[in-house]
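Quick look at run-v4.txt (compact mmCIF, C-alpha atoms):
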# COMPACT_ATOMS: atom_id res chain seq x y z
CA MET Q 1 107.99 85.59 100.24
CA ASP Q 2 104.64 83.93 99.68
CA VAL Q 3 103.98 84.52 95.96
CA SER Q 4 100.24 83.94 96.45
CA ILE Q 5 99.99 87.43 97.98
CA ILE Q 6 101.65 89.15 95.01
CA PRO Q 7 99.08 90.38 92.47
CA THR Q 8 99.59 89.30 88.88
CA ASP Q 9 97.70 92.38 87.69
CA ILE Q 10 96.94 95.79 89.17
CA LYS Q 11 94.36 98.08 87.57
CA LEU Q 12 93.32 101.53 88.66
CA LEU Q 13 89.84 102.59 87.59
CA GLN Q 14 90.07 106.31 88.33
CA LYS Q 15 86.51 107.18 87.31
CA GLN Q 16 85.17 104.57 89.74
CA ARG Q 17 87.92 105.33 92.31
CA VAL Q 18 88.79 101.64 92.64
CA LEU Q 19 92.04 99.67 92.63
CA ILE Q 20 91.64 96.09 91.39
CA LEU Q 21 94.19 93.44 92.33
CA THR Q 22 94.11 90.09 90.54
CA TYR Q 23 96.00 87.06 91.83
CA ALA Q 24 97.38 83.94 90.12
CA ASN Q 25 94.61 81.75 91.59
CA GLY Q 26 91.97 83.95 89.91
CA GLU Q 27 91.03 85.77 93.09
CA ARG Q 28 90.15 89.41 92.49
CA CYS Q 29 90.13 92.12 95.11
CA GLU Q 30 88.54 95.55 94.68
CA LEU Q 31 89.64 98.29 97.06
CA SER Q 32 88.18 101.79 96.99
CA CYS Q 33 90.60 104.71 96.88
CA HIS Q 34 88.90 106.05 100.01
CA GLN Q 35 89.45 102.75 101.83
CA LEU Q 36 93.10 102.73 100.79
CA ARG Q 37 93.64 106.36 101.83
CA GLU Q 38 91.89 105.77 105.14
CA ASN Q 39 94.09 102.73 105.81
CA THR Q 40 97.36 104.24 104.64
CA PRO Q 41 100.08 102.63 106.76
CA SER Q 42 101.46 106.09 107.59
CA ALA Q 43 98.08 107.76 108.23
CA ASP Q 44 96.90 109.25 111.50
CA LYS Q 45 93.92 107.02 112.29
CA SER Q 46 91.92 109.95 113.71
CA GLN Q 47 92.10 111.83 110.42
CA THR Q 48 89.17 111.82 107.99
CA PHE Q 49 89.41 111.88 104.22
CA PRO Q 50 86.97 113.01 101.53
CA ASP Q 51 84.91 110.25 99.92
CA ASP Q 52 86.07 111.38 96.49
CA VAL Q 53 89.82 111.01 97.17
CA ASN Q 54 91.52 109.38 94.20
CA ILE Q 55 94.81 107.71 93.32
CA ILE Q 56 96.76 109.55 90.65
CA ALA Q 57 99.83 107.28 90.42
CA ILE Q 58 101.15 103.88 91.46
CA GLU Q 59 104.86 103.22 91.89
CA PRO Q 60 106.51 99.85 92.56
CA VAL Q 61 108.58 99.48 95.73
CA GLY Q 62 110.97 96.60 95.16
CA GLN Q 63 109.27 93.21 94.99
CA TYR Q 64 107.30 93.68 98.21
CA ALA Q 65 104.99 96.69 97.88
CA ILE Q 66 103.57 99.62 95.96
CA LYS Q 67 103.44 103.30 96.75
CA LEU Q 68 100.12 105.01 96.07
CA ILE Q 69 100.00 108.72 95.30
CA PHE Q 70 96.70 110.40 96.09
CA ASP Q 71 95.18 113.57 94.67
CA ASP Q 72 95.08 115.13 98.15
CA GLY Q 73 98.90 115.27 98.10
CA HIS Q 74 99.53 112.18 100.24
CA GLN Q 75 102.36 110.05 98.88
CA THR Q 76 104.23 108.53 101.79
CA GLY Q 77 102.27 105.31 102.32
CA ILE Q 78 103.98 102.08 101.31
CA TYR Q 79 101.41 99.32 100.81
CA ARG Q 80 103.00 95.90 101.34
CA TRP Q 81 101.44 92.96 99.49
CA GLU Q 82 100.43 91.31 102.78
CA PHE Q 83 98.65 94.47 103.89
CA LEU Q 84 96.73 94.87 100.63
CA LYS Q 85 95.68 91.22 100.73
CA SER Q 86 94.40 91.65 104.29
CA LEU Q 87 92.41 94.76 103.33
CA GLY Q 88 90.71 92.79 100.58
CA SER Q 89 89.77 89.88 102.84
Produce structure tokens that represent the structure in this file.
Amino acid sequence: MDVSIIPTDIKLLQKQRVLILTYANGERCELSCHQLRENTPSADKSQTFPDDVNIIAIEPVGQYAIKLIFDDGHQTGIYRWEFLKSLGS
């Protein structure tokens, strides 16, 4: 696995509804909770989500991903490191 895609730090700013990923090279990626919910790997792409959707928990999934739990009840999306990096690009 390419370690450059694995964040060295993950911060959730719930008030701002933003997930911040920081990488070893100093790169920082800010992803809105709405953007993440809209791009959930398991989401129906025709579905719409409220702008104020928020993440309430983050769970690690092995060494390759995280699971984000949203306040609208969604909790089945597994966000692989490659996918998160591509969303931030």
Interface rows for stretch 41-64 of chain Q against stretch 73-80 of chain Q: nearest pair, Å to one decimal, 8 Å, only C-alpha atoms, as a Markdown table:
| residue | atom | partner | partner_atom | distance |
| --- | --- | --- | --- | --- |
| Q:Pro41 | CA | Q:Gly77 | CA | 5.6 |
| Q:Ser42 | CA | Q:Gly77 | CA | 5.4 |
| Q:Ala43 | CA | Q:Gly77 | CA | 7.6 |
| Q:Val61 | CA | Q:Ile78 | CA | 7.7 |
| Q:Tyr64 | CA | Q:Arg80 | CA | 5.8 |
_Test item: residues at most 7 Å from Q:Ala57, all atoms listed in the file, excluding those fewer than 2 positions along its chain, as a ChimeraX atom specification_ = /Q:55,59,68-69
*asked:* So that I can see what lies close to Q:Ala24, please list as number ranges by chain the residues with an atom at most 8 Å from it, counting only C-alpha atoms and leaving out residues fewer than 6 positions away in the same chain.
replied: Q: 4, 7-8
Selected residues written out with C-alpha atoms, as a compact mmCIF listing (two decimals), in the frame of the given file:
# COMPACT_ATOMS: atom_id res chain seq x y z
CA SER Q 4 100.24 83.94 96.45
CA PRO Q 7 99.08 90.38 92.47
CA THR Q 8 99.59 89.30 88.88
*Selected residue of minimal separation from Q:Leu12 among Q:Val53, Q:Ala65, Q:Ile58, Q:Cys29, counting only C-alpha atoms*: Q:Ile58
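When only C-alpha atoms are used to compute distances to Q:Asn54, the closest of the residues Q:Val3, Q:Leu84, Q:Ile10, Q:Cys33 turns out to be Q:Cys33.
Taking atom CA of Q:Leu87 and atom CA of Q:Leu13 as endpoints, the distance between them is 17.8 Å.
Pairwise distance (atom CA of Q:Ser86, atom CA of Q:Val18) equals 16.3 Å.
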*For Q:Leu19, which residue among Q:Gly88, Q:Phe49, Q:Phe83, Q:Glu38 is the nearest when counting only C-alpha atoms?*
Q:Gly88
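Across the structure, atom CA of Q:Arg37 and atom CA of Q:Asn25 are spaced 26.7 Å apart.
With distances taken over all atoms listed in the file, Q:Trp81 is the one residue among Q:Leu31, Q:Ile5, Q:Gln14, Q:Trp81 lying closest to Q:Gly62.
Among Q:Lys67, Q:Arg28, Q:Arg17, Q:Lys11, the residue with the shortest atom-to-atom distance to Q:Lys85, counting all atoms listed in the file, is Q:Arg28.
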*Closest to Q:Pro50 among Q:Met1, Q:Phe70, Q:Gln16, Q:Glu82, using all atoms listed in the file?*
Q:Phe70
